[in-house]
Amino acid sequence: MSHPILSCEHLTKSFRHTLIPVRHLQERIAFPLRRKKWWVRTVVDNVSFDLQKGEWVGVYGPNGCGKTTLMRMLAGLLPPDAGTVACRADISCFFELSIGFHEERTAEENVRMHAMLQGLPPKGVAEILGHVREFAGIHEHWDLPLKCYSVGQRLRLGFAVTTASPADVLLLDEILAVGDADFQKRCRQRLKDLKHSGRSALIVSHSLADLEAMCDRVLFMEKGCVVREETAAVA
Amino acid sequence: MHRYTWRQMFRIVWVVGWSDFVLKYRGSLLGYLWSLAAPLAKFLVIYYVFKPLVGGEIAQYPLYLFLGIIMWEHFTVTTTNCMTALREKQAFFMKIPFPRILIMLIVGWTNMIIFLTHFLIFVAGVLIIGDTQWLPWLYIPVLLVQMTLLALGVGMLLASYCLKYRDILHLWGILSQVLFWLTPITYAYKLDRPISEQWKRLIEIIHHPSLHTVFDLFVQFQPLSLLTYDMRRVTLYAADLSFPSAVHIGGVTLVLMALFAISAAVYHHRSKYFIEEY
């Protein structure tokens, strides 16, 4: 069997916060020995799995079970407390229904900046601009700053940028909650096309039916752990 | 994470830095002229107050003062922007995996563009009322690099902890007010002996400790004083003061590079926790 394109072993992450937040340097200097009460919660607990090239894996679970934290660690945005992540390809992310846009910039400027930060060459940036403009369907808003966009238009733009990226691995968090019924239909078709083109993806969703329809297998998470795995009947 | 080549990173910093510069003044009534408002207002007030006091002993005092103020503005605005950029670009930090140091380099480049536009006004002033030799001006690119190393070195250290401790931005505002008066911007700076010999004065402090000597030494040795002094002697007083020696140039550059490298390492380590600290 070939090497997985993305894998993690024994991934663990805890969040630790003071109950009375100490956020001031002056307080830290004035009272260096003050004892604090800590709130600690293990959000991801000893998670291991592989993602093979061309494979689509769904992650399903209730709110607060650690899905987004797991995705962030896989993307390299959060350092794990323990365990390792091995990634052998470029990653494109879509978290919390957006990809990080600037309100004062136009769609073109935002897309250009996003593509550059993903490390695309000038030719790749130009190609992405064309794809995004075509797919997002926001022609009349293209040259306006993002603050003039409706929530739905922003989501469409975010989806279009994420899926236009040539990255081999897509990390998609609640991507199917985007836009109206017509746009959702186009989204599903776009995801199918991406799958057929050989990309790999890890998808988080609260819709088990969607995950089963799109993914090769689904991981079920509860309280930070993967409790079971099911092979899905891919459409 | 995608492996970024030096060329890619240079391109990102260049393009996004220009884009931030344009965005900053887009749509405002006076546009770029607003960036001049702070140094110009400061210059006019300080010139009015200090001209009768020190104007006689410092040749070309208006240019001396203006150059000091725009260098100071560059330093404080860059260091402050390193901290505020973490909030302004929060969405990038939260959602895109990329080398975090790029944001700091973009801040450095945007503020260097603003400084260069202010410097052009200084050049116009030299052409109109100044008296200078132009050959030593070739040294200015080295000084610009040193200024950036210093501002980003300090800025990255502050940015590394400003999300963990929310009052760092406020404390830096107070500290920079003190630092303004401990930098020879409005008054004369004298380096009557080479820096290598000045270190001997440390012994003087040990034998005869006094607050005045400590402040005096700080004003002479703090890097912003040295850079301001070097910029002035190259642009305004090349005929009277010697050109910076190779030891001086190498020494200052090495110290600033070390500061930048340490700050970059601290920032790299701390930036992993920014998402948790937002």
# chains A, B, ... in the order shown; residues from 1 in each chain; ligands from 1
$ select_by_dssp --residues "range 20-121 of chain A" --states "strand (DSSP E)" --output "list of chain:residue names"
A:Trp38, A:Trp39, A:Val40, A:Arg41, A:Thr42, A:Val43, A:Val44, A:Asp45, A:Asn46, A:Val47, A:Ser48, A:Phe49, A:Asp50, A:Leu51, A:Trp56, A:Val57, A:Gly58, A:Val59, A:Tyr60, A:Ala82, A:Gly83, A:Thr84, A:Val85, A:Ala86, A:Cys87, A:Ile91, A:Ser92, A:Cys93, A:Phe94
$ write_last_selection --atoms "C-alpha atoms" --output "PDB file, in the first residue's frame"
ATOM      1  CA  TRP A  38      -7.121  26.509  35.676  1.00  0.00           C
ATOM      2  CA  TRP A  39      -9.799  25.079  33.453  1.00  0.00           C
ATOM      3  CA  VAL A  40      -8.359  22.244  31.395  1.00  0.00           C
ATOM      4  CA  ARG A  41     -10.181  20.249  28.783  1.00  0.00           C
ATOM      5  CA  THR A  42      -8.837  17.594  26.461  1.00  0.00           C
ATOM      6  CA  VAL A  43     -10.457  18.384  23.145  1.00  0.00           C
ATOM      7  CA  VAL A  44      -8.750  15.789  20.957  1.00  0.00           C
ATOM      8  CA  ASP A  45      -7.647  12.579  22.630  1.00  0.00           C
ATOM      9  CA  ASN A  46      -5.278  10.100  21.014  1.00  0.00           C
ATOM     10  CA  VAL A  47      -6.664  10.267  17.476  1.00  0.00           C
ATOM     11  CA  SER A  48      -4.932   8.344  14.698  1.00  0.00           C
ATOM     12  CA  PHE A  49      -5.940   7.845  11.082  1.00  0.00           C
ATOM     13  CA  ASP A  50      -4.668   7.888   7.503  1.00  0.00           C
ATOM     14  CA  LEU A  51      -5.978   9.622   4.416  1.00  0.00           C
ATOM     15  CA  TRP A  56     -12.530  11.189   0.950  1.00  0.00           C
ATOM     16  CA  VAL A  57     -13.073  10.817   4.683  1.00  0.00           C
ATOM     17  CA  GLY A  58     -15.937  12.331   6.662  1.00  0.00           C
ATOM     18  CA  VAL A  59     -15.798  13.348  10.309  1.00  0.00           C
ATOM     19  CA  TYR A  60     -19.098  13.299  12.140  1.00  0.00           C
ATOM     20  CA  ALA A  82       1.214  15.020  21.731  1.00  0.00           C
ATOM     21  CA  GLY A  83       1.277  12.951  18.577  1.00  0.00           C
ATOM     22  CA  THR A  84       2.401  13.717  15.066  1.00  0.00           C
ATOM     23  CA  VAL A  85       0.951  14.858  11.753  1.00  0.00           C
ATOM     24  CA  ALA A  86       2.563  13.822   8.484  1.00  0.00           C
ATOM     25  CA  CYS A  87       1.433  15.593   5.328  1.00  0.00           C
ATOM     26  CA  ILE A  91      -3.488  21.637   1.839  1.00  0.00           C
ATOM     27  CA  SER A  92      -6.391  23.993   1.208  1.00  0.00           C
ATOM     28  CA  CYS A  93      -8.677  24.795   4.169  1.00  0.00           C
ATOM     29  CA  PHE A  94     -12.217  26.044   4.660  1.00  0.00           C
TER      30      PHE A  94
END
$ interface_residues --of "chain B" --to "chain A" --cutoff "9 Å" --atoms "only C-alpha atoms" --output "number ranges by chain"
B: 1-5, 8-9, 11-12, 15-16, 19, 23, 88-99, 163-168, 171, 272-276
$ select_by_dssp --residues "range 1-244 of chain B" --states "alpha helix (DSSP H)" --output "ChimeraX atom specification"
/B:6-25,33-54,61-88,90-95,101-129,140-162,168-181,195-198,201-207,211-221,223-235
$ residues_around --residues "Val45 in chain B" --least-positions-apart "3" --cutoff "12 Å" --atoms "only C-alpha atoms" --output "ChimeraX atom specification"
/B:38-42,48-51,62,65-66,69,186
$ write_last_selection --atoms "N, CA and C atoms" --output "short mmCIF file (atom, residue, chain, number, x, y, z; two decimals), in the first residue's frame"
data_model
loop_
_atom_site.label_atom_id
_atom_site.label_comp_id
_atom_site.auth_asym_id
_atom_site.auth_seq_id
_atom_site.Cartn_x
_atom_site.Cartn_y
_atom_site.Cartn_z
N ALA B 38 1.06 63.41 11.29
CA ALA B 38 1.68 63.23 12.62
C ALA B 38 3.10 63.78 12.67
N PRO B 39 4.00 63.36 11.74
CA PRO B 39 5.36 63.91 11.83
C PRO B 39 5.42 65.42 11.59
N LEU B 40 4.54 65.91 10.71
CA LEU B 40 4.57 67.34 10.40
C LEU B 40 4.12 68.17 11.60
N ALA B 41 3.04 67.73 12.24
CA ALA B 41 2.55 68.46 13.42
C ALA B 41 3.60 68.44 14.52
N LYS B 42 4.21 67.27 14.72
CA LYS B 42 5.25 67.15 15.74
C LYS B 42 6.43 68.07 15.41
N TYR B 48 9.13 75.05 16.91
CA TYR B 48 8.75 76.32 17.54
C TYR B 48 9.32 76.41 18.96
N VAL B 49 9.27 75.32 19.70
CA VAL B 49 9.73 75.33 21.10
C VAL B 49 11.25 75.26 21.20
N PHE B 50 11.87 74.41 20.41
CA PHE B 50 13.29 74.13 20.59
C PHE B 50 14.24 75.03 19.79
N LYS B 51 13.72 75.68 18.76
CA LYS B 51 14.60 76.51 17.92
C LYS B 51 15.36 77.55 18.74
N PRO B 62 16.36 72.76 11.11
CA PRO B 62 15.07 72.24 10.60
C PRO B 62 15.22 70.87 9.96
N LEU B 65 16.05 68.21 12.65
CA LEU B 65 14.86 67.84 13.42
C LEU B 65 13.91 66.98 12.58
N PHE B 66 13.67 67.39 11.35
CA PHE B 66 12.71 66.66 10.50
C PHE B 66 13.18 65.22 10.27
N ILE B 69 12.63 63.17 13.37
CA ILE B 69 11.22 62.86 13.61
C ILE B 69 10.71 61.76 12.67
N THR B 186 15.46 65.98 19.21
CA THR B 186 15.29 67.44 19.29
C THR B 186 16.58 68.13 19.72
#
$ residues_around --residues "His141 in chain A" --least-positions-apart "2" --cutoff "12 Å" --atoms "only C-alpha atoms" --output "tab-separated table (two decimals) with C-alpha atoms, in the first residue's frame"
chain	number	residue	atom	x	y	z
A	105	ARG	CA	-10.67	44.64	-0.08
A	106	THR	CA	-12.54	43.68	-3.24
A	107	ALA	CA	-13.22	40.06	-4.15
A	108	GLU	CA	-10.38	40.11	-6.66
A	133	ARG	CA	-15.33	34.56	-10.67
A	136	ALA	CA	-19.11	32.09	-7.26
A	137	GLY	CA	-21.59	33.92	-9.50
A	138	ILE	CA	-20.97	37.36	-8.01
A	139	HIS	CA	-20.12	39.18	-11.22
A	143	ASP	CA	-15.06	45.00	-7.83
A	144	LEU	CA	-16.78	45.98	-4.58
A	145	PRO	CA	-15.23	45.66	-1.12
A	146	LEU	CA	-16.36	42.60	0.79
A	147	LYS	CA	-18.28	44.68	3.30
A	148	CYS	CA	-20.85	45.21	0.51
A	149	TYR	CA	-21.49	41.46	0.21
A	150	SER	CA	-24.32	39.49	1.78
A	153	GLN	CA	-22.18	35.82	-1.27
A	154	ARG	CA	-19.19	35.68	1.07
A	157	LEU	CA	-16.77	33.25	-2.63
$ residues_around --residues "Ala261 in chain B" --least-positions-apart "4" --cutoff "8 Å" --atoms "only C-alpha atoms" --output "MDAnalysis selection string"
chainID B and resid 153 257 265
$ write_last_selection --atoms "N, CA and C atoms" --output "compact mmCIF listing (two decimals), in the first residue's frame"
# COMPACT_ATOMS: atom_id res chain seq x y z
N GLY B 153 12.79 43.87 14.74
CA GLY B 153 13.33 43.10 15.87
C GLY B 153 12.55 43.41 17.14
N MET B 257 21.26 42.47 13.49
CA MET B 257 20.91 41.17 12.91
C MET B 257 20.67 40.14 14.01
N ALA B 265 13.04 34.13 16.10
CA ALA B 265 12.94 32.79 16.70
C ALA B 265 11.85 32.78 17.78
$ atom_distance --atom1 "CA of Cys215 in chain A" --atom2 "CA of Val111 in chain A"
27.8 Å
